[in-house]
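**Student:** Here you go, final24.cif (mmCIF, C-alpha atoms and all ligand atoms):
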data_model
#
loop_
_atom_site.label_atom_id
_atom_site.label_comp_id
_atom_site.auth_asym_id
_atom_site.auth_seq_id
_atom_site.Cartn_x
_atom_site.Cartn_y
_atom_site.Cartn_z
CA MET A 1 32.93 17.24 96.36
CA ASP A 2 36.09 16.74 94.33
CA LEU A 3 35.95 14.43 91.34
CA SER A 4 39.11 12.79 92.71
CA GLU A 5 36.66 10.81 94.88
CA PHE A 6 35.33 9.18 91.72
CA THR A 7 38.47 8.62 89.65
CA THR A 8 40.91 5.74 90.06
CA LEU A 9 43.88 8.13 89.69
CA ARG A 10 42.40 10.05 92.65
CA VAL A 11 42.93 13.44 91.03
CA GLY A 12 40.43 16.03 89.80
CA GLY A 13 38.79 19.10 91.33
CA PRO A 14 35.07 19.73 91.92
CA ALA A 15 32.23 19.71 89.41
CA ALA A 16 29.80 22.62 89.25
CA GLU A 17 27.02 20.06 89.59
CA LEU A 18 27.18 16.35 90.39
CA LEU A 19 24.21 14.17 89.49
CA ALA A 20 23.67 10.47 90.21
CA PRO A 21 20.32 9.31 88.81
CA ALA A 22 19.16 5.98 90.22
CA SER A 23 17.29 4.27 87.37
CA ALA A 24 17.77 4.06 83.60
CA ALA A 25 14.65 6.20 83.07
CA GLU A 26 15.96 8.84 85.49
CA LEU A 27 19.38 8.69 83.83
CA VAL A 28 17.84 9.54 80.48
CA GLU A 29 15.56 12.21 81.93
CA THR A 30 18.37 13.83 83.93
CA THR A 31 20.71 13.82 80.93
CA LEU A 32 18.09 15.39 78.67
CA GLY A 33 17.47 18.01 81.36
CA VAL A 34 21.17 18.88 81.53
CA TRP A 35 21.43 19.08 77.73
CA ALA A 36 18.45 21.43 77.64
CA THR A 37 20.34 23.94 79.83
CA GLY A 38 23.13 24.20 77.25
CA ASP A 39 25.72 23.83 80.02
CA ASP A 40 28.84 21.73 79.71
CA TRP A 41 28.34 18.09 80.70
CA LEU A 42 30.38 14.99 81.33
CA VAL A 43 29.29 11.39 81.78
CA LEU A 44 31.29 9.52 84.39
CA GLY A 45 31.29 5.76 84.93
CA GLY A 46 33.94 4.25 87.19
CA GLY A 47 36.39 7.09 86.50
CA SER A 48 39.08 4.59 85.51
CA ASN A 49 39.91 6.10 82.14
CA VAL A 50 39.90 9.84 82.80
CA LEU A 51 42.40 12.44 83.89
CA VAL A 52 40.41 15.35 85.34
CA ALA A 53 42.07 18.75 85.88
CA ASP A 54 42.76 20.07 89.37
CA GLU A 55 40.40 22.95 88.58
CA GLY A 56 37.62 20.39 88.20
CA PHE A 57 34.81 20.63 85.69
CA GLY A 58 32.67 23.74 85.27
CA GLY A 59 29.54 21.89 84.18
CA SER A 60 27.32 18.97 85.18
CA VAL A 61 28.84 15.59 85.81
CA ILE A 62 26.34 12.76 85.38
CA ARG A 63 27.43 9.63 87.22
CA VAL A 64 26.17 6.39 85.73
CA LEU A 65 25.17 3.94 88.45
CA THR A 66 22.32 2.02 86.83
CA ARG A 67 22.58 -1.74 87.38
CA GLY A 68 21.00 -4.77 85.77
CA VAL A 69 21.72 -7.70 83.46
CA GLU A 70 18.86 -9.13 81.42
CA ARG A 71 19.01 -12.25 79.26
CA LEU A 72 17.42 -11.72 75.85
CA GLU A 73 16.12 -14.35 73.46
CA SER A 74 18.81 -15.81 71.24
CA GLU A 75 19.61 -18.64 68.88
CA ALA A 76 20.86 -21.98 70.24
CA GLY A 77 24.45 -21.89 71.44
CA ALA A 78 24.42 -18.13 71.89
CA VAL A 79 23.59 -15.97 74.89
CA ARG A 80 22.42 -12.42 74.41
CA LEU A 81 22.57 -10.03 77.31
CA LYS A 82 21.34 -6.49 77.82
CA VAL A 83 23.51 -4.84 80.43
CA GLN A 84 22.75 -1.49 82.06
CA ALA A 85 25.55 1.05 81.69
CA GLY A 86 26.36 1.29 85.39
CA GLU A 87 26.89 -2.44 85.84
CA PRO A 88 30.53 -2.85 86.97
CA TRP A 89 32.33 -4.50 84.06
CA ASP A 90 34.27 -7.05 86.04
CA GLU A 91 31.20 -8.20 87.98
CA LEU A 92 29.57 -8.84 84.62
CA VAL A 93 32.58 -10.87 83.46
CA ALA A 94 32.58 -12.88 86.70
CA GLN A 95 28.89 -13.63 86.21
CA THR A 96 29.31 -14.74 82.58
CA VAL A 97 32.30 -16.92 83.41
CA GLY A 98 30.37 -18.45 86.31
CA ASN A 99 27.52 -19.27 83.92
CA GLY A 100 29.86 -20.89 81.39
CA TRP A 101 29.43 -18.21 78.70
CA ALA A 102 32.48 -17.44 76.57
CA GLY A 103 33.45 -14.20 74.86
CA ILE A 104 34.69 -11.72 77.47
CA GLU A 105 36.71 -13.90 79.87
CA ALA A 106 40.08 -12.39 78.84
CA LEU A 107 38.65 -8.96 79.70
CA SER A 108 38.53 -10.01 83.36
CA GLY A 109 39.72 -7.42 85.85
CA ILE A 110 39.26 -4.34 83.68
CA PRO A 111 37.85 -1.69 86.01
CA GLY A 112 34.97 0.62 85.22
CA SER A 113 31.42 0.38 84.01
CA SER A 114 29.83 -1.67 81.22
CA GLY A 115 28.53 1.50 79.55
CA ALA A 116 32.07 2.82 79.13
CA ALA A 117 33.33 -0.44 77.59
CA PRO A 118 32.42 0.55 74.00
CA ILE A 119 33.94 4.05 74.33
CA GLN A 120 37.46 2.76 73.77
CA ASN A 121 36.51 -0.78 72.76
CA ILE A 122 38.18 -2.24 75.82
CA GLY A 123 40.66 -4.96 75.11
CA ALA A 124 43.24 -7.14 76.80
CA TYR A 125 44.96 -10.52 76.50
CA GLY A 126 43.78 -11.18 72.97
CA GLN A 127 40.11 -10.21 73.32
CA GLU A 128 38.25 -7.00 72.55
CA LEU A 129 34.73 -5.90 73.31
CA ALA A 130 34.12 -5.54 69.56
CA SER A 131 33.90 -9.32 69.10
CA SER A 132 30.97 -9.63 71.55
CA LEU A 133 29.18 -6.29 71.28
CA VAL A 134 25.97 -6.42 69.24
CA ALA A 135 24.54 -2.96 69.87
CA ILE A 136 24.22 -0.12 72.34
CA GLU A 137 21.22 1.82 73.56
CA PHE A 138 22.35 5.37 72.95
CA LEU A 139 20.92 8.74 73.90
CA ASP A 140 22.22 10.85 71.04
CA TYR A 141 23.29 14.39 71.93
CA ALA A 142 22.83 15.52 68.33
CA THR A 143 19.13 14.56 68.22
CA ALA A 144 18.19 14.01 71.89
CA GLU A 145 16.75 10.65 70.75
CA LEU A 146 17.19 7.27 72.37
CA ARG A 147 18.26 4.81 69.68
CA ARG A 148 19.62 1.30 69.34
CA LEU A 149 22.90 1.59 67.46
CA PRO A 150 24.40 -1.60 66.00
CA ALA A 151 28.05 -2.18 66.89
CA GLU A 152 28.99 -1.85 63.19
CA ASP A 153 28.04 1.84 63.37
CA LEU A 154 30.44 2.56 66.23
CA GLU A 155 33.74 2.38 64.31
CA LEU A 156 35.22 0.19 67.02
CA ALA A 157 38.99 -0.11 66.61
CA TYR A 158 42.11 -0.44 68.74
CA ARG A 159 41.30 1.49 71.96
CA THR A 160 38.89 3.80 70.20
CA SER A 161 35.44 4.23 68.66
CA ALA A 162 33.27 6.94 67.14
CA LEU A 163 32.13 7.66 70.72
CA LYS A 164 35.70 8.46 71.78
CA GLN A 165 36.29 10.47 68.62
CA GLY A 166 33.53 13.04 69.10
CA ARG A 167 30.13 11.36 68.64
CA ARG A 168 28.61 12.67 71.85
CA GLY A 169 25.90 11.06 73.90
CA LEU A 170 25.06 8.66 76.68
CA VAL A 171 25.37 4.88 76.51
CA VAL A 172 22.33 3.69 78.48
CA SER A 173 22.90 -0.04 78.03
CA ILE A 174 24.94 -2.46 75.94
CA GLU A 175 23.92 -5.68 74.24
CA LEU A 176 26.37 -8.58 74.11
CA ARG A 177 26.37 -11.90 72.31
CA LEU A 178 28.33 -14.64 74.08
CA GLN A 179 28.73 -18.36 73.39
CA GLU A 180 27.42 -21.22 75.44
CA ASN A 181 29.21 -24.55 75.18
CA ASP A 182 28.97 -27.80 77.12
CA GLY A 183 32.44 -27.77 78.65
CA ALA A 184 32.27 -24.06 79.70
CA LEU A 185 35.33 -23.50 77.52
CA SER A 186 36.87 -20.16 76.62
CA ASP A 187 37.38 -18.57 73.23
CA PRO A 188 40.64 -19.79 71.65
CA ILE A 189 43.56 -18.32 73.58
CA ALA A 190 44.98 -15.57 71.39
CA TYR A 191 47.72 -13.99 73.48
CA PRO A 192 51.14 -15.63 73.97
CA GLN A 193 51.66 -14.39 77.53
CA LEU A 194 48.27 -15.77 78.57
CA ALA A 195 48.95 -19.07 76.81
CA ASN A 196 52.28 -19.33 78.68
CA ALA A 197 50.65 -18.58 82.00
CA LEU A 198 48.13 -21.35 81.36
CA GLY A 199 50.71 -23.80 80.02
CA ALA A 200 48.63 -23.97 76.84
CA GLU A 201 49.09 -23.48 73.10
CA LEU A 202 47.74 -20.48 71.25
CA GLY A 203 44.33 -21.38 69.84
CA GLU A 204 43.47 -23.82 72.64
CA ARG A 205 40.17 -23.52 74.48
CA LEU A 206 40.39 -23.89 78.24
CA PRO A 207 37.94 -23.81 81.13
CA LEU A 208 36.61 -20.27 81.44
CA SER A 209 37.40 -20.10 85.15
CA ASP A 210 41.05 -21.02 84.50
CA VAL A 211 41.36 -18.26 81.90
CA ARG A 212 39.79 -15.71 84.23
CA ALA A 213 42.08 -16.73 87.11
CA ALA A 214 45.19 -16.52 84.88
CA VAL A 215 44.22 -13.08 83.54
CA LEU A 216 43.57 -11.76 87.07
CA ALA A 217 46.96 -13.08 88.22
CA LEU A 218 48.78 -11.50 85.25
CA ARG A 219 47.01 -8.22 85.91
CA ALA A 220 47.83 -8.25 89.61
CA ALA A 221 51.51 -8.79 88.80
CA LYS A 222 51.45 -5.65 86.62
CA GLY A 223 49.45 -3.46 89.02
CA MET A 224 46.64 -3.52 86.46
CA LEU A 225 44.04 -4.80 88.90
CA LEU A 226 42.37 -2.29 91.21
CA ASP A 227 43.51 -3.30 94.67
CA ALA A 228 43.43 -1.13 97.77
CA ASP A 229 46.66 -2.83 98.91
CA ASP A 230 48.56 -2.15 95.70
CA PRO A 231 49.81 1.45 95.37
CA ASP A 232 50.63 0.76 91.71
CA SER A 233 46.95 0.37 90.93
CA VAL A 234 46.20 4.04 91.72
CA SER A 235 46.28 4.76 88.02
CA ALA A 236 44.17 5.05 84.89
CA GLY A 237 45.60 1.77 83.55
CA SER A 238 47.82 2.18 80.51
CA PHE A 239 48.44 5.88 80.09
CA PHE A 240 49.47 5.60 76.44
CA THR A 241 48.19 3.52 73.56
CA ASN A 242 50.60 1.46 71.49
CA PRO A 243 51.64 3.73 68.61
CA ILE A 244 50.69 2.84 65.06
CA VAL A 245 53.18 3.98 62.43
CA SER A 246 53.64 3.42 58.73
CA GLU A 247 55.69 0.43 57.66
CA GLU A 248 58.07 2.84 55.96
CA PHE A 249 58.63 4.74 59.21
CA ALA A 250 59.05 1.49 61.15
CA ARG A 251 61.77 0.38 58.74
CA GLY A 252 63.85 3.36 59.87
CA LEU A 253 63.63 2.36 63.56
CA PRO A 254 66.40 0.36 65.24
CA SER A 255 65.99 -3.33 64.35
CA ASP A 256 65.40 -4.38 67.97
CA VAL A 257 62.21 -2.31 68.31
CA PRO A 258 59.38 -4.88 68.63
CA ARG A 259 56.65 -4.42 66.01
CA TRP A 260 53.49 -6.11 64.78
CA PRO A 261 51.63 -5.71 61.49
CA VAL A 262 48.22 -4.07 61.81
CA GLU A 263 45.16 -4.85 59.70
CA ALA A 264 44.78 -2.25 56.94
CA ASP A 265 41.81 -0.32 58.30
CA GLU A 266 41.98 -1.41 61.94
CA VAL A 267 43.05 1.90 63.39
CA GLU A 268 43.61 5.56 62.85
CA PRO A 269 47.30 6.06 62.20
CA VAL A 270 49.42 8.03 64.62
CA VAL A 271 51.43 10.32 62.42
CA SER A 272 54.94 10.96 63.53
CA PRO A 273 56.37 14.41 62.87
CA LEU A 274 59.41 12.72 61.38
CA GLU A 275 57.32 11.10 58.69
CA THR A 276 57.34 13.08 55.50
CA PHE A 277 54.02 13.47 53.78
CA HIS A 278 54.11 12.87 50.02
CA PRO A 279 50.72 13.46 48.36
CA GLU A 280 51.78 11.17 45.49
CA ASP A 281 52.11 8.27 48.02
CA LEU A 282 48.41 8.60 48.78
CA ARG A 283 47.58 8.29 45.09
CA ALA A 284 49.89 5.32 44.65
CA ARG A 285 48.66 3.49 47.76
CA PRO A 286 45.15 4.31 48.94
CA PRO A 287 44.96 4.66 52.73
CA LYS A 288 42.92 1.43 53.14
CA GLN A 289 45.81 -0.66 51.80
CA GLU A 290 48.52 1.23 53.63
CA LEU A 291 50.65 -1.09 55.70
CA ARG A 292 50.71 -0.08 59.32
CA VAL A 293 52.81 -1.34 62.16
CA LYS A 294 52.05 -1.37 65.88
CA LEU A 295 54.85 -0.63 68.35
CA SER A 296 54.96 -1.29 72.10
CA ALA A 297 54.61 1.96 74.05
CA ALA A 298 56.03 0.28 77.19
CA TRP A 299 59.11 -0.90 75.29
CA LEU A 300 59.67 2.56 73.79
CA ILE A 301 59.42 4.22 77.22
CA GLU A 302 61.84 1.77 78.81
CA HIS A 303 64.30 2.03 75.94
CA ALA A 304 64.08 5.81 76.00
CA GLY A 305 65.74 5.44 79.40
CA VAL A 306 62.77 5.77 81.76
CA THR A 307 62.74 3.14 84.46
CA ARG A 308 59.87 1.73 86.48
CA GLY A 309 59.18 3.83 89.55
CA PHE A 310 60.62 6.97 87.91
CA ARG A 311 59.32 10.30 89.15
CA LEU A 312 60.21 13.92 88.51
CA PRO A 313 61.74 15.73 91.51
CA GLY A 314 59.09 16.81 94.01
CA SER A 315 56.24 15.20 92.08
CA GLY A 316 53.57 12.93 93.57
CA ALA A 317 53.11 11.21 90.20
CA ALA A 318 55.34 8.30 89.19
CA VAL A 319 55.74 5.60 86.63
CA SER A 320 54.36 2.38 88.14
CA SER A 321 57.01 0.21 89.78
CA LYS A 322 55.54 -2.78 87.89
CA HIS A 323 54.81 -1.44 84.41
CA THR A 324 56.18 1.59 82.54
CA LEU A 325 52.88 2.21 80.78
CA ALA A 326 50.94 3.12 83.93
CA LEU A 327 51.30 6.45 85.67
CA VAL A 328 50.39 6.31 89.33
CA ASN A 329 49.43 8.76 92.04
CA THR A 330 51.81 7.92 94.87
CA GLY A 331 49.71 10.00 97.26
CA GLY A 332 48.77 13.64 97.01
CA ALA A 333 49.65 13.97 93.30
CA THR A 334 47.88 16.68 91.35
CA ALA A 335 46.46 16.20 87.87
CA ALA A 336 49.03 18.74 86.69
CA GLU A 337 51.82 16.50 88.02
CA VAL A 338 50.40 13.47 86.22
CA ALA A 339 50.17 15.50 83.00
CA GLU A 340 53.72 16.81 83.49
CA LEU A 341 55.06 13.27 83.87
CA ALA A 342 53.12 12.16 80.79
CA ARG A 343 54.64 15.01 78.75
CA TYR A 344 58.08 14.09 80.03
CA LEU A 345 57.66 10.50 78.83
CA GLN A 346 56.36 11.75 75.47
CA THR A 347 59.40 13.99 75.09
CA ARG A 348 61.81 11.18 75.93
CA VAL A 349 60.21 8.77 73.45
CA LEU A 350 59.96 11.44 70.76
CA GLY A 351 63.64 12.28 71.23
CA ALA A 352 64.74 8.65 71.15
CA PHE A 353 62.47 7.22 68.46
CA GLY A 354 60.62 10.08 66.72
CA VAL A 355 57.25 8.71 67.86
CA ILE A 356 54.57 10.72 69.66
CA LEU A 357 52.82 8.67 72.35
CA GLN A 358 49.08 9.31 72.50
CA PRO A 359 47.33 9.32 75.89
CA GLU A 360 44.72 6.61 76.33
CA PRO A 361 42.59 8.20 79.09
CA VAL A 362 40.08 10.93 78.29
CA LEU A 363 41.53 14.28 79.34
CA VAL A 364 39.07 16.60 81.06
CA GLY A 365 40.12 20.24 81.30
CA LEU A 366 43.83 19.75 80.67
CA GLN A 367 46.25 18.83 77.91
CA VAL A 368 49.06 16.34 77.69
C1 LIG B 1 44.15 -0.54 86.75
C2 LIG B 1 43.49 -0.29 85.40
C3 LIG B 1 43.60 -1.24 84.40
C4 LIG B 1 43.00 -1.03 83.14
N1 LIG B 1 43.14 -1.97 82.17
C5 LIG B 1 42.54 -1.80 80.98
C6 LIG B 1 42.67 -2.78 79.93
O1 LIG B 1 43.29 -3.82 80.10
N2 LIG B 1 42.05 -2.55 78.75
C7 LIG B 1 41.32 -1.42 78.53
O2 LIG B 1 40.78 -1.28 77.43
N3 LIG B 1 41.18 -0.47 79.48
C8 LIG B 1 41.77 -0.63 80.69
N4 LIG B 1 41.65 0.34 81.66
C9 LIG B 1 40.92 1.56 81.37
C10 LIG B 1 39.45 1.56 81.86
O3 LIG B 1 39.25 0.63 82.88
C11 LIG B 1 38.46 1.27 80.73
O4 LIG B 1 38.64 2.17 79.67
C12 LIG B 1 37.01 1.34 81.21
O5 LIG B 1 36.14 0.94 80.19
C13 LIG B 1 36.60 2.74 81.68
O6 LIG B 1 35.35 2.62 82.33
P1 LIG B 1 34.83 3.73 83.32
O7 LIG B 1 33.42 3.40 83.64
O8 LIG B 1 35.76 3.85 84.47
O9 LIG B 1 34.90 5.03 82.41
P2 LIG B 1 35.19 6.51 82.87
O10 LIG B 1 36.63 6.64 83.23
O11 LIG B 1 34.21 6.95 83.88
O12 LIG B 1 34.93 7.29 81.51
C14 LIG B 1 35.79 7.12 80.40
C15 LIG B 1 35.18 7.85 79.20
O13 LIG B 1 33.97 7.22 78.84
C16 LIG B 1 32.87 8.12 78.93
N5 LIG B 1 31.74 7.36 79.44
C17 LIG B 1 31.72 6.59 80.57
N6 LIG B 1 30.51 6.01 80.70
C18 LIG B 1 29.77 6.43 79.66
C19 LIG B 1 28.43 6.19 79.24
N7 LIG B 1 27.60 5.39 79.92
N8 LIG B 1 27.97 6.82 78.12
C20 LIG B 1 28.78 7.64 77.41
N9 LIG B 1 30.06 7.90 77.75
C21 LIG B 1 30.54 7.29 78.86
C22 LIG B 1 33.34 9.23 79.86
O14 LIG B 1 32.65 10.43 79.59
C23 LIG B 1 34.80 9.30 79.51
O15 LIG B 1 34.96 10.05 78.34
C24 LIG B 1 42.26 0.15 82.92
C25 LIG B 1 42.15 1.11 83.94
C26 LIG B 1 42.75 0.87 85.18
C27 LIG B 1 42.61 1.90 86.28
#
Give the structure from this file in structure tokens form.
Ligand SMILES: Cc1cc2nc3c(=O)[nH]c(=O)nc-3n(C[C@H](O)[C@H](O)[C@H](O)COP(=O)(O)OP(=O)(O)OC[C@H]3O[C@@H](n4cnc5c(N)ncnc54)[C@H](O)[C@@H]3O)c2cc1C
**Tutor:**
Amino acid sequence: MDLSEFTTLRVGGPAAELLAPASAAELVETTLGVWATGDDWLVLGGGSNVLVADEGFGGSVIRVLTRGVERLESEAGAVRLKVQAGEPWDELVAQTVGNGWAGIEALSGIPGSSGAAPIQNIGAYGQELASSLVAIEFLDYATAELRRLPAEDLELAYRTSALKQGRRGLVVSIELRLQENDGALSDPIAYPQLANALGAELGERLPLSDVRAAVLALRAAKGMLLDADDPDSVSAGSFFTNPIVSEEFARGLPSDVPRWPVEADEVEPVVSPLETFHPEDLRARPPKQELRVKLSAAWLIEHAGVTRGFRLPGSGAAVSSKHTLALVNTGGATAAEVAELARYLQTRVLGAFGVILQPEPVLVGLQV
């Protein structure tokens, strides 16, 4: 069976072996069994953040379908949850909002599994998983041991973590810490567009259900909510992360390019080829204190002259008609066509602004 059946972009060829263990114990046992063979392996949750090659995957694909949410003991005012990796993320959010627990309400509508949430430290509308994640239960490929890893060890940062950067293994469950309050109020609203949609000020706390409803509506308007009736949602979400450049590089960009300062050690920098590397700069300004600036990938794409709905001649892949950051399969697209469109956008933005856009999804068996 083709992996396109299990990816939201609906591309990807067959796997040599497809496994779908039913319980957490079987998931661990199956994974250890696959590792013991020495074959290639891939863990797949909801398939909403992968681009799998048309040739498929020549190893074992382990689908994570284990469900379950358990409430752990916690201090007053807090709620601690242990969530099995296969629990659909948005069902978890709906449940926590329904119970009046704050902390992940702005992450409403993000597709995929709870176990994948730490991989790129999912984030949206002013919230990130990092602020609620306490620990993960992790089957470590390096040692074949099942361990509880505190969130501090995961190097969670803007759309990345140690797990996305090469620390291999299986997230079996995640542990979250949420807040309980009498009025079932949200975390302070931290995103201007969300505040506008709610008619609220930044920093206000609002009923959790209102925040969830507003986020879902904003997402639907951008094609960022999986919806069988919305062809723009046949995507992997944002295809590129917002680039991080040095302040010095940003100063050379046209003044109308939107930019935001980034905390010193928040993210790995994206190095532009047009930046000149001076070893003496490193000595003068240690990397931790280097000023970094975040740019908007969507703005760069649009201002490089690529419009919504754009597609290359004869290609089944297109830029979403609602959002330039999402690449969609308009029907019958191949993974190669999606990758070709992604490279085209990269080339346009590089030519116009000297910035290399980095893909956000995990690429399996192909390059962008
Ligand atoms: C319409 C749309 C909107 C989106 N919006 C957002 C958004 O607002 N913010 C955001 O951050 N992301 C967003 N995404 C991306 C995606 O939903 C998230 O990254 C999500 O966490 C991926 O979950 P998944 O289960 O589908 O992971 P998959 O796509 O199945 O896997 C992604 C990666 O994680 C690994 N992985 C998955 N599960 C495990 C596990 N249990 N243990 C170890 N490794 C694992 C896989 O091997 C792969 O490398 C969006 C995607 C879509 C399609």
**Student:** So which residues touch A:Gln127 within 10 Å, counting all atoms listed in the file, skipping near sequence neighbours fewer than 5 positions away, as a list in words?
**Tutor:**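 The filter keeps Gly103, Ile104, Glu105, Ala106, Leu107, Ile122, Ser132, Asp187, Pro188, Ile189, Ala190 and Tyr191 of chain A.
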**Student:** Residues within 6 Å of ligand LIG 1 (chain B) (only C-alpha atoms and all ligand atoms), as a ChimeraX atom specification?
**Tutor:** /A:8,42-50,85,110-113,115-117,119,122-124,169-172,224-226,233,235-237,362
**Student:** Using atom CA of A:Ala78 and atom CA of A:Asn121 as the two end points, give the distance in Å to one decimal.
**Tutor:**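 Straight-line distance from atom CA of A:Ala78 to atom CA of A:Asn121 works out to 21.2 Å.
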**Student:** Report the closest atom pair, with its distance in Å rounded to one decimal, for each residue of stretch 2-92 of chain A that has an atom no farther than 12 Å from stretch 303-317 of chain A; count all atoms listed in the file, sort by chain and then rising residue number, and write it as CSV.
**Tutor:**
residue,atom,partner,partner_atom,distance
A:Leu9,CA,A:Ala317,CA,9.7
A:Arg10,CA,A:Ala317,CA,11.0
A:Val11,CA,A:Ala317,CA,10.5
**Student:** When you look at A:Lys82 with a cut-off of 6 Å (counting all atoms listed in the file), what residues show up, excluding the ones that are within fewer than 5 positions of it in the same chain? I need them as a list in words.
**Tutor:**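 Surrounding residues, per the criterion: Val69, Glu70, Ile174 and Glu175 of chain A.
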